[in-house]
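**Q** Pasting a structure here, questions to come.
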Amino acid sequence: MMMLDLQNVSFGYSREQTTLNDVSLSVRPGVSVGLVGESGSGKTTLLRLMLGLIRPTSGVIRFGEESLDTGNSAFMQRYRRAVQPVFQDPYSSLDPRQRVIDIIGEPLRSLRIPGDRTQTVAEALEAVGLPLDAMRRYPHEFSGGQRQRIAIARAIVARPQIVLADEAVSALDLSTRIRIVELFKTLSEKLTLVFVSHDLGVVAALCEEMIILERGKVVESGKTRDILAVPKHPYTQRLLASIPRMPA
Amino acid sequence: MTALLNIQGLHIRAGDKPLVSDLSFSIRPGERIGLIGESGSGKSMTAMAATGLLPVSIGVSGSIELDSQQVVGATDSVMNRLRGAAAAVVFQEPLTALDPLMKIGRQIAEPVRRRLERESGKTSKDVVQREVRDLIDKVALPQPERIINSYPHEVSGGQRQRVAIAMALACRPKLLIADEPTTALDVTTQAEILKLLDQLVRETGMALLFISHDLPVVAQVVERVIVLKNGVAVEEGPVKAVFGNPQHDYTKTLVEAARLFDEALGATG
Amino acid sequence: MSPVETSVSRREQRHSLALTLGLALVGINLLVALLTLFWTPYDPLNASGGRLEAPSLLHWLGTDRLGRDLLTQLMIGARTALLVGTGAVAIGATVGVSLGVLAAFATRLADDVMAATLDILIAFPTLLLAMLVVAASDSASLWTAILALGLAISATVARLTRILAKRVLRQDYIVASRTSGTSWAGVVFRHVLPNIWPTLSVNFALQFGLAVIAEASLSYLGLGAPPPNASWGRLLQEAQGTVYTAPIGAIAPGIALVALVIGMNLLADGLRDIGDPTRGRSR
């Protein structure tokens, strides 16, 4: 069974340029996927398509039995509840004028999810390892890593099936990054993680499968273990060879 | 041999917030040293202080000798002579380091002309042009004609960083300070720039102060590292020793994290 | 205390001083304006003494050339000034913010058209614009003046709002809000407006001061509130002929005008920090 299925999806911001070219991929429940690519690979566009923020120029995106239709508000309400994003820059992704409780509670409020909102927010805070007194505070009172935890709490508060993370640890320091990666790893036991990144090391540590993108095209996909062991496409080989390693 | 850069008991503070505390280290001619630290570690502050580029509102005390000249408290005219000849800097974001309204050829020509005037008191257009061509070859920029006549935004990020390196080389500095020079670049481009830097440093014999948060990147280009945490040097030594057998807890955390991602990629390299 | 902290607290002190002084100046005006609704020293419409009397215990600021008490005129002028400032800014803010937010959301073409229109409107001097509105409504009244000034303000506010809103709309928290299921209206009220409010509110206070000056100018030109509504601008105009013999007639409304405008500007300065959670807190 497929949760999210992209069939021959293309997208161009203008008629002359296609950012994504005939991309097909599927996300299966419980299998975390890494979308790997450098600048210009189209990975962020792909993510925006999967979030229903833009529509493909051609091709279809299916969610379960339905096709993603940004015009269908009843469907979008269900889809938003099921698919939540985490962004790269936690300084830009949290409204500086809102308290943490309102930031994390926004999906509950906007998607009209019943239940005790404060209690649900408290549970989300606990799940990301933040103290409850964080609720009454503002984003600027937190460090970059803590802010990213707040952003993750917002993403999981409505109990989504899929979390789409866009370079979600790239802006963090190494010692913080490792802890946020661990948090994602824990979360990926309960939900399906789609992790977009240029950082093969992070994707390798987090994702069972990966898809390599180059200039808007999928050049290689499969089990992370297999690709790392025997990269088939020349670009994948070059990418792997470019990663600086620790001295033995 | 006397040190090219000798920093002793350096303190940098903004108000009474210490940014760097009691930092001492030196770089001998031809030596390659890495300054490792995360955000807020004071690594970039140290580089700025070494070239006298810190704003006046930031308090600096201690001693920084660059090519036997005291930098702390030096006048602008002393520093202007020292910058370039003694040390040149390559920054993280080449787009902001280059003048967006000047063609690349002219930008590289400027430091060349300044150096020639300093050395022989006169320049000719031909000599400058020839040297600009040489520099472009040296940093392996493709299609030199096109690059010379392009503006910074018209070339790729990796090419811009090559231009910035060419401008630094134009000064023929004894010390090259590279402040996160590959952080803004793609992995494949980063690999190329690191290779270029390594090769240039070896060929010209200049010393290198490489500043980065990325352990494996630092390991590729330097011999010795200093680990900074909140403005304090917590560990120092040869790359192999520090990364192979870290002593300080903080270094251990960093090395473990870096190794974890490394191992996830499989034990190759 | 460190130099950085001292300079921060000095800035805060300066801000609170500006706020206090601004509140005082505007507050006095407001009290006087309210008072005139119930009581004035003399009948504002009829002579209560000789013509152009000098200041005395009976008439603190003397009388005008019709023998009316000048202090009474001045107090009613304060009411007119506040009414014009508040009315014009209210119209300007409502129309301007709405247009600005719409422009920020509009498609490229619509946005370009809107931006160009606003630029042309702003290029018109406020007074000229006001004169056109007054001419179009073929009778000058306090309300045409307020409407005219409000429209002029709305162009400036719309342009500012558009730029500020666009900057906010580029932030990731807007996308996060959308993917949280929040409607565009929700995005505007919950994220865009709160984040552009600090800059806007300062601008409103400045526009208020400008509107008061503009109304005085209109009245001076005879295009503002017609008699018997006293206005500082008309007091100035009426005092023009007697400025050498009875200078108080020009000096008093002049000082009142300057004090209110300065008060509004100080208030704007002090307002900047209010409602910003990122200021004045320890990290």
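Lettering and numbering for the structure tokens are positional, with chains as A, B, ... in the shown order, residues counted from 1 in each chain, and ligands counted from 1 in the shown order.
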As a ChimeraX atom specification, please: every residue in range 80-263 of chain B that a backbone DSSP assignment puts in alpha helix (DSSP H).
**A** /B:80-85,94-97,104-120,125-138,144-148,157-170,187-204,215-221,239-244,249-263
**Q** With the cut-off set at 10 Å and counting only C-alpha atoms, tabulate each residue of chain A with an atom at most that distance from an atom of chain B, showing the nearest atom pair and its distance in Å to one decimal, ordered by chain and increasing number, as CSV.
**A**
residue,atom,partner,partner_atom,distance
A:Gly37,CA,B:Asp186,CA,9.2
A:Glu38,CA,B:Asp186,CA,5.9
A:Ser39,CA,B:Asp186,CA,6.7
A:Leu172,CA,B:Ser39,CA,8.9
A:Asp173,CA,B:Glu38,CA,5.8
A:Leu174,CA,B:Leu254,CA,6.7
A:Ser175,CA,B:Leu254,CA,6.0
A:Thr176,CA,B:Ala257,CA,9.5
A:Arg177,CA,B:Ala257,CA,8.5
A:Ile178,CA,B:Ala257,CA,6.0
A:Arg179,CA,B:Ala257,CA,9.2
A:His198,CA,B:Val187,CA,7.7
A:Asp199,CA,B:Val187,CA,8.0
A:Leu200,CA,B:Leu265,CA,7.4
A:Gly201,CA,B:Phe261,CA,4.7
A:Val202,CA,B:Phe261,CA,6.1
A:Val203,CA,B:Ala264,CA,8.6
A:Ala204,CA,B:Ala264,CA,5.3
A:Ala205,CA,B:Ala264,CA,5.1
A:Leu206,CA,B:Ala264,CA,8.7
A:Thr224,CA,B:Leu265,CA,9.0
A:Arg225,CA,B:Gly266,CA,8.4
A:Ile227,CA,B:Leu265,CA,9.9
A:Leu228,CA,B:Leu265,CA,6.4
A:Ala229,CA,B:Gly266,CA,7.3
A:Tyr235,CA,B:Thr188,CA,9.7
A:Arg238,CA,B:Thr188,CA,7.2
A:Leu239,CA,B:Thr188,CA,6.0
A:Leu240,CA,B:Leu265,CA,8.5
A:Ala241,CA,B:Gly269,CA,8.4
A:Ser242,CA,B:Ala191,CA,5.2
A:Ile243,CA,B:Val187,CA,6.4
A:Pro244,CA,B:Pro216,CA,5.3
A:Arg245,CA,B:Pro216,CA,5.0
A:Met246,CA,B:Pro216,CA,4.7
A:Pro247,CA,B:Ala219,CA,6.8
A:Ala248,CA,B:Gly244,CA,7.3
**Q** Show me, as a list in words, the residues of chain B whose atoms get within 9 Å of chain C, using only C-alpha atoms for the distance check.
**A**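 So the residues of chain B near chain C are Ala14, Gly15, Asp16, Lys17 and Ser57 of chain B.
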**Q** Please produce an output containing N, CA, C and O atoms for each residue in the selection, written as a JSON list (two decimals), in the first residue's frame.
**A**
[["chain", "number", "residue", "atom", "x", "y", "z"],
["B", 14, "ALA", "N", 32.46, 41.92, 24.03],
["B", 14, "ALA", "CA", 31.46, 42.93, 23.64],
["B", 14, "ALA", "C", 30.77, 43.33, 24.92],
["B", 14, "ALA", "O", 30.06, 42.55, 25.52],
["B", 15, "GLY", "N", 31.02, 44.52, 25.38],
["B", 15, "GLY", "CA", 30.54, 44.93, 26.69],
["B", 15, "GLY", "C", 31.28, 44.10, 27.72],
["B", 15, "GLY", "O", 32.50, 43.97, 27.64],
["B", 16, "ASP", "N", 30.55, 43.48, 28.67],
["B", 16, "ASP", "CA", 31.31, 42.57, 29.54],
["B", 16, "ASP", "C", 31.00, 41.12, 29.21],
["B", 16, "ASP", "O", 31.22, 40.22, 29.99],
["B", 17, "LYS", "N", 30.47, 40.91, 28.00],
["B", 17, "LYS", "CA", 30.27, 39.54, 27.54],
["B", 17, "LYS", "C", 31.54, 39.06, 26.85],
["B", 17, "LYS", "O", 31.93, 39.60, 25.81],
["B", 57, "SER", "N", 33.63, 49.00, 18.62],
["B", 57, "SER", "CA", 32.81, 48.79, 19.80],
["B", 57, "SER", "C", 33.20, 47.50, 20.53],
["B", 57, "SER", "O", 32.78, 47.26, 21.65]]
**Q** Find the residue from A:Glu209, A:Glu65, A:Asp166, A:Asp133 that sits nearest to chain C; use only C-alpha atoms when measuring.
**A**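 Of A:Glu209, A:Glu65, A:Asp166, A:Asp133, the one nearest chain C, counting only C-alpha atoms, is A:Asp166.
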**Q** Kindly determine which residues of chain A lie within 10 Å of chain C, considering only C-alpha atoms, and give the answer as a CSV table (one decimal) with N, CA, C and O atoms, in the first residue's frame.
**A**
chain,number,residue,atom,x,y,z
A,48,ARG,N,7.5,21.2,-1.8
A,48,ARG,CA,6.4,22.1,-1.8
A,48,ARG,C,5.2,21.5,-2.5
A,48,ARG,O,4.0,21.7,-2.2
A,51,LEU,N,3.6,19.1,-0.2
A,51,LEU,CA,2.8,19.8,0.9
A,51,LEU,C,1.5,20.5,0.3
A,51,LEU,O,0.8,21.1,1.1
A,52,GLY,N,1.3,20.3,-1.0
A,52,GLY,CA,0.1,20.9,-1.6
A,52,GLY,C,0.2,22.4,-1.7
A,52,GLY,O,-0.8,23.1,-1.6
A,53,LEU,N,1.4,23.0,-1.7
A,53,LEU,CA,1.5,24.5,-1.8
A,53,LEU,C,1.5,24.9,-3.2
A,53,LEU,O,1.2,26.0,-3.5
A,73,SER,N,-11.3,21.6,-0.4
A,73,SER,CA,-11.0,22.0,1.0
A,73,SER,C,-11.2,20.9,2.0
A,73,SER,O,-10.5,20.8,3.0
A,76,MET,N,-8.3,18.7,1.6
A,76,MET,CA,-7.0,19.4,2.1
A,76,MET,C,-7.0,19.4,3.7
A,76,MET,O,-5.9,19.3,4.2
A,77,GLN,N,-8.2,19.5,4.3
A,77,GLN,CA,-8.2,19.5,5.7
A,77,GLN,C,-7.7,18.2,6.3
A,77,GLN,O,-6.9,18.1,7.2
A,78,ARG,N,-8.1,17.1,5.6
A,78,ARG,CA,-7.6,15.8,6.0
A,78,ARG,C,-6.1,15.6,5.7
A,78,ARG,O,-5.4,15.1,6.5
A,79,TYR,N,-5.8,16.1,4.5
A,79,TYR,CA,-4.4,16.0,4.1
A,79,TYR,C,-3.4,16.8,5.0
A,79,TYR,O,-2.4,16.3,5.4
A,80,ARG,N,-3.8,18.0,5.4
A,80,ARG,CA,-3.0,18.8,6.3
A,80,ARG,C,-2.8,18.1,7.6
A,80,ARG,O,-1.7,18.2,8.2
A,81,ARG,N,-3.8,17.5,8.1
A,81,ARG,CA,-3.7,16.8,9.3
A,81,ARG,C,-2.8,15.6,9.2
A,81,ARG,O,-2.0,15.2,10.2
A,83,VAL,N,-0.2,15.2,6.8
A,83,VAL,CA,1.1,15.6,6.3
A,83,VAL,C,1.6,16.9,6.9
A,83,VAL,O,1.0,17.9,6.6
A,84,GLN,N,2.6,16.9,7.7
A,84,GLN,CA,3.1,18.1,8.3
A,84,GLN,C,4.6,18.4,8.0
A,84,GLN,O,5.4,17.4,8.0
A,85,PRO,N,5.0,19.6,7.9
A,85,PRO,CA,6.4,19.9,7.5
A,85,PRO,C,7.2,20.4,8.7
A,85,PRO,O,6.7,20.9,9.7
A,86,VAL,N,8.5,20.3,8.6
A,86,VAL,CA,9.5,20.9,9.5
A,86,VAL,C,10.5,21.6,8.5
A,86,VAL,O,11.0,21.0,7.6
A,87,PHE,N,10.8,22.9,8.8
A,87,PHE,CA,11.6,23.6,7.9
A,87,PHE,C,13.1,23.7,8.4
A,87,PHE,O,13.4,23.4,9.5
A,88,GLN,N,13.9,24.3,7.5
A,88,GLN,CA,15.3,24.4,7.8
A,88,GLN,C,15.7,25.4,8.9
A,88,GLN,O,16.4,25.1,9.8
A,89,ASP,N,15.1,26.6,8.7
A,89,ASP,CA,15.6,27.7,9.6
A,89,ASP,C,14.6,27.9,10.7
A,89,ASP,O,13.5,28.5,10.5
A,90,PRO,N,14.9,27.5,11.9
A,90,PRO,CA,13.9,27.6,13.0
A,90,PRO,C,13.8,29.1,13.4
A,90,PRO,O,12.9,29.4,14.3
A,91,TYR,N,14.6,30.0,12.9
A,91,TYR,CA,14.4,31.4,13.2
A,91,TYR,C,13.4,32.0,12.3
A,91,TYR,O,12.8,33.0,12.7
A,92,SER,N,13.1,31.4,11.2
A,92,SER,CA,12.1,32.0,10.3
A,92,SER,C,10.8,31.2,10.4
A,92,SER,O,9.8,31.7,10.0
A,93,SER,N,10.8,30.0,10.9
A,93,SER,CA,9.6,29.1,10.9
A,93,SER,C,8.7,29.3,12.1
A,93,SER,O,7.7,28.7,12.2
A,94,LEU,N,9.2,30.1,13.1
A,94,LEU,CA,8.3,30.4,14.2
A,94,LEU,C,8.0,31.9,14.3
A,94,LEU,O,8.9,32.7,14.2
A,95,ASP,N,6.7,32.2,14.4
A,95,ASP,CA,6.2,33.6,14.5
A,95,ASP,C,6.8,34.2,15.8
A,95,ASP,O,6.4,33.8,16.9
A,96,PRO,N,7.6,35.2,15.6
A,96,PRO,CA,8.3,35.8,16.8
A,96,PRO,C,7.3,36.5,17.8
A,96,PRO,O,7.6,36.7,18.9
A,97,ARG,N,6.1,36.7,17.3
A,97,ARG,CA,5.1,37.4,18.2
A,97,ARG,C,4.1,36.5,18.8
A,97,ARG,O,3.1,36.9,19.4
A,98,GLN,N,4.3,35.2,18.7
A,98,GLN,CA,3.3,34.3,19.3
A,98,GLN,C,4.0,33.5,20.4
A,98,GLN,O,5.2,33.2,20.3
A,99,ARG,N,3.2,33.2,21.4
A,99,ARG,CA,3.8,32.3,22.4
A,99,ARG,C,3.8,30.9,21.9
A,99,ARG,O,3.1,30.5,21.0
A,103,ILE,N,1.9,28.7,18.9
A,103,ILE,CA,2.6,28.2,17.7
A,103,ILE,C,2.3,26.7,17.6
A,103,ILE,O,1.9,26.3,16.5
A,104,ILE,N,2.5,26.0,18.7
A,104,ILE,CA,2.3,24.5,18.6
A,104,ILE,C,0.8,24.2,18.4
A,104,ILE,O,0.5,23.3,17.7
A,105,GLY,N,0.0,25.0,19.0
A,105,GLY,CA,-1.5,24.8,19.0
A,105,GLY,C,-2.1,25.2,17.7
A,105,GLY,O,-3.3,24.9,17.4
A,106,GLU,N,-1.4,25.9,16.8
A,106,GLU,CA,-2.0,26.4,15.5
A,106,GLU,C,-2.7,25.3,14.7
A,106,GLU,O,-3.9,25.4,14.3
A,107,PRO,N,-2.1,24.1,14.5
A,107,PRO,CA,-2.8,23.1,13.7
A,107,PRO,C,-4.0,22.6,14.4
A,107,PRO,O,-5.0,22.3,13.7
A,108,LEU,N,-4.0,22.5,15.7
A,108,LEU,CA,-5.1,22.0,16.5
A,108,LEU,C,-6.3,22.9,16.2
A,108,LEU,O,-7.4,22.5,16.0
A,109,ARG,N,-6.0,24.2,16.3
A,109,ARG,CA,-7.0,25.3,16.2
A,109,ARG,C,-7.5,25.3,14.7
A,109,ARG,O,-8.7,25.3,14.5
A,110,SER,N,-6.6,25.5,13.8
A,110,SER,CA,-7.0,25.7,12.4
A,110,SER,C,-7.7,24.4,11.8
A,110,SER,O,-8.6,24.5,11.0
A,111,LEU,N,-7.2,23.2,12.2
A,111,LEU,CA,-7.8,22.0,11.7
A,111,LEU,C,-9.0,21.6,12.5
A,111,LEU,O,-9.6,20.5,12.3
A,112,ARG,N,-9.4,22.4,13.5
A,112,ARG,CA,-10.5,22.1,14.4
A,112,ARG,C,-10.5,20.7,15.0
A,112,ARG,O,-11.4,19.9,14.9
A,137,ARG,N,6.3,31.0,26.8
A,137,ARG,CA,7.4,31.8,26.4
A,137,ARG,C,7.4,32.1,24.9
A,137,ARG,O,6.6,31.5,24.2
A,138,TYR,N,8.3,33.0,24.5
A,138,TYR,CA,8.3,33.4,23.0
A,138,TYR,C,9.6,32.7,22.4
A,138,TYR,O,10.5,32.4,23.1
A,139,PRO,N,9.5,32.5,21.1
A,139,PRO,CA,10.6,31.9,20.4
A,139,PRO,C,12.0,32.4,20.6
A,139,PRO,O,13.0,31.7,20.8
A,140,HIS,N,12.1,33.8,20.8
A,140,HIS,CA,13.5,34.3,20.9
A,140,HIS,C,14.1,33.9,22.2
A,140,HIS,O,15.3,34.1,22.4
A,141,GLU,N,13.4,33.4,23.1
A,141,GLU,CA,13.9,33.0,24.4
A,141,GLU,C,14.6,31.6,24.3
A,141,GLU,O,15.1,31.1,25.3
A,142,PHE,N,14.6,31.0,23.1
A,142,PHE,CA,15.2,29.6,22.9
A,142,PHE,C,16.4,29.6,22.0
A,142,PHE,O,16.5,30.5,21.1
A,143,SER,N,17.2,28.6,22.2
A,143,SER,CA,18.3,28.4,21.3
A,143,SER,C,17.9,27.8,20.0
A,143,SER,O,16.7,27.4,19.8
A,151,ALA,N,9.4,23.6,16.5
A,151,ALA,CA,8.9,23.4,15.2
A,151,ALA,C,8.5,22.0,15.0
A,151,ALA,O,7.4,21.7,14.3
A,154,ARG,N,5.2,21.3,16.7
A,154,ARG,CA,4.0,21.8,16.0
A,154,ARG,C,3.7,20.8,14.9
A,154,ARG,O,2.5,20.5,14.6
A,155,ALA,N,4.7,20.2,14.3
A,155,ALA,CA,4.5,19.2,13.2
A,155,ALA,C,3.8,17.9,13.7
A,155,ALA,O,3.0,17.3,13.0
A,158,ALA,N,-0.7,17.3,15.8
A,158,ALA,CA,-2.0,16.7,15.3
A,158,ALA,C,-1.9,15.3,14.9
A,158,ALA,O,-2.7,14.7,14.2
**Q** Might you pull out every residue within 10 Å of range 63-68 of chain C, with only C-alpha atoms counted and same-chain residues fewer than 6 positions away left off, and present them as a PDB file with C-alpha atoms, in the first residue's frame?
**A**
ATOM      1  CA  TYR C  42     -16.609  82.356  27.051  1.00  0.00           C
ATOM      2  CA  ASP C  43     -19.091  81.866  24.262  1.00  0.00           C
ATOM      3  CA  PRO C  44     -16.934  80.921  21.278  1.00  0.00           C
ATOM      4  CA  LEU C  45     -19.282  82.481  18.743  1.00  0.00           C
ATOM      5  CA  ASN C  46     -19.972  85.901  20.181  1.00  0.00           C
ATOM      6  CA  ALA C  47     -17.886  88.839  21.291  1.00  0.00           C
ATOM      7  CA  SER C  48     -17.113  88.887  24.963  1.00  0.00           C
ATOM      8  CA  GLY C  49     -14.913  91.955  25.052  1.00  0.00           C
ATOM      9  CA  GLY C  50     -13.443  94.729  22.951  1.00  0.00           C
ATOM     10  CA  ARG C  51     -11.648  94.029  19.658  1.00  0.00           C
ATOM     11  CA  LEU C  52      -8.029  92.890  19.834  1.00  0.00           C
ATOM     12  CA  GLU C  53      -7.718  93.322  23.569  1.00  0.00           C
ATOM     13  CA  ALA C  54      -4.319  92.486  25.021  1.00  0.00           C
ATOM     14  CA  PRO C  55      -4.029  89.534  27.436  1.00  0.00           C
ATOM     15  CA  SER C  56      -5.586  90.318  30.816  1.00  0.00           C
ATOM     16  CA  LEU C 235      -6.835  81.427  13.790  1.00  0.00           C
ATOM     17  CA  GLU C 238      -7.188  85.601  10.863  1.00  0.00           C
ATOM     18  CA  ALA C 239      -4.219  86.834  12.892  1.00  0.00           C
ATOM     19  CA  GLY C 241      -3.353  91.105   9.332  1.00  0.00           C
ATOM     20  CA  THR C 242      -2.738  92.019  12.940  1.00  0.00           C
ATOM     21  CA  ALA C 246      -1.407  91.734  18.383  1.00  0.00           C
ATOM     22  CA  ILE C 248      -0.335  86.742  20.506  1.00  0.00           C
ATOM     23  CA  GLY C 249      -3.079  85.905  17.999  1.00  0.00           C
TER      24      GLY C 249
END
**Q** Which residues are near range 184-187 of chain A? Cut-off 9 Å, only C-alpha atoms, ignore same chain within fewer than 6 positions. Put them as a ChimeraX atom specification.
**A** /A:127-128,152,156,193,205-207
**Q** Calculated over only C-alpha atoms, which of the candidates B:Leu208, B:Ile108, B:Leu5, B:Leu10 has the smallest distance to Ser26 in chain B?
**A**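 Using only C-alpha atoms, the shortest distance to Ser26 in chain B belongs to B:Leu5.
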**Q** Which residues are near Leu30 in chain C? Cut-off 8 Å, only C-alpha atoms, ignore same chain within fewer than 2 positions. Put them as a list in words.
**A**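 Counting only C-alpha atoms, the residues come to Val26, Gly27, Ile28, Val32, Ala33, Leu34, Ala78, Arg79 and Leu82 of chain C.
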**Q** Need the shell around range 20-24 of chain A: protein/DNA/RNA residues with any atom at most 8 Å away, counting only C-alpha atoms. Skip same-chain ones fewer than 4 positions apart. Format as a list in words?
**A** Asp5, Leu6, Gln7, Asn8, Val9, Ser10, Phe11, Gly12, Gly42, Thr45, Leu46, Gly59, Arg215, Gly216, Lys217 and Val218 of chain A
**Q** Would you export the selected residues with C-alpha atoms as a PDB file, in the first residue's frame, please?
**A**
ATOM      1  CA  ASP A   5       2.562   8.373  -4.536  1.00  0.00           C
ATOM      2  CA  LEU A   6       3.961  10.691  -7.186  1.00  0.00           C
ATOM      3  CA  GLN A   7       3.395   9.582 -10.767  1.00  0.00           C
ATOM      4  CA  ASN A   8       5.369  11.288 -13.565  1.00  0.00           C
ATOM      5  CA  VAL A   9       5.272  14.631 -11.832  1.00  0.00           C
ATOM      6  CA  SER A  10       6.783  17.650 -13.593  1.00  0.00           C
ATOM      7  CA  PHE A  11       6.877  21.230 -12.477  1.00  0.00           C
ATOM      8  CA  GLY A  12       8.182  24.483 -13.913  1.00  0.00           C
ATOM      9  CA  GLY A  42      14.517  20.476  -7.335  1.00  0.00           C
ATOM     10  CA  THR A  45      10.122  22.195  -5.164  1.00  0.00           C
ATOM     11  CA  LEU A  46       9.333  18.521  -4.710  1.00  0.00           C
ATOM     12  CA  GLY A  59       1.462  14.194 -13.464  1.00  0.00           C
ATOM     13  CA  ARG A 215      18.739  18.780 -11.858  1.00  0.00           C
ATOM     14  CA  GLY A 216      15.086  17.898 -11.414  1.00  0.00           C
ATOM     15  CA  LYS A 217      15.414  14.194 -12.162  1.00  0.00           C
ATOM     16  CA  VAL A 218      15.572  11.067 -10.064  1.00  0.00           C
TER      17      VAL A 218
END
**Q** I'd like the interatomic distance between CA of Ala103 in chain C and CA of Arg162 in chain C, to a tenth of an Å.
**A**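 We find that CA of Ala103 in chain C and CA of Arg162 in chain C lie 6.0 Å from each other.
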**Q** Which parts of range 53-206 of chain B does DSSP call strand (DSSP E) when run on the backbone here, written out as a list in words?
**A**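 Everything in range 53-206 of chain B that counts as strand (DSSP E) is Gly59, Val60, Ser61, Gly62, Ser63, Ile64, Glu65, Leu66, Gln69, Gln70, Ala87, Ala88, Val89, Val90, Leu175, Leu176, Ile177, Ala178 and Asp179 of chain B.
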**Q** As a list in words, please: the residues near Pro55 in chain B (cut-off 12 Å, only C-alpha atoms, same-chain neighbours under 3 positions excluded).
**A**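 These residues fall inside the cut-off: Ile12, Arg13, Ala14, Met45, Met48, Ala49, Thr51, Gly52, Ile58, Gly59 and Val60 of chain B.
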**Q** Just to be explicit: take each residue in the selection above, keep C-alpha atoms, and write the result as a JSON list (two decimals), in the first residue's frame.
**A**
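Output file result.json is given in full below:
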[["chain", "number", "residue", "atom", "x", "y", "z"],
["B", 12, "ILE", "CA", 37.77, 39.79, 22.98],
["B", 13, "ARG", "CA", 34.64, 41.11, 24.59],
["B", 14, "ALA", "CA", 31.46, 42.93, 23.64],
["B", 45, "MET", "CA", 36.07, 36.89, 15.94],
["B", 48, "MET", "CA", 38.77, 39.32, 12.40],
["B", 49, "ALA", "CA", 40.94, 40.39, 15.31],
["B", 51, "THR", "CA", 43.50, 41.20, 10.62],
["B", 52, "GLY", "CA", 42.35, 44.18, 12.70],
["B", 58, "ILE", "CA", 34.38, 45.38, 20.48],
["B", 59, "GLY", "CA", 37.13, 45.35, 23.09],
["B", 60, "VAL", "CA", 40.37, 43.54, 22.24]]
**Q** Of the residues B:Val139, B:Met167, B:Lys252, B:Gly84, which is the one nearest to Arg118 in chain B, using only C-alpha atoms?
**A**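 Between B:Val139, B:Met167, B:Lys252, B:Gly84, the residue approaching Arg118 in chain B most closely is B:Gly84.
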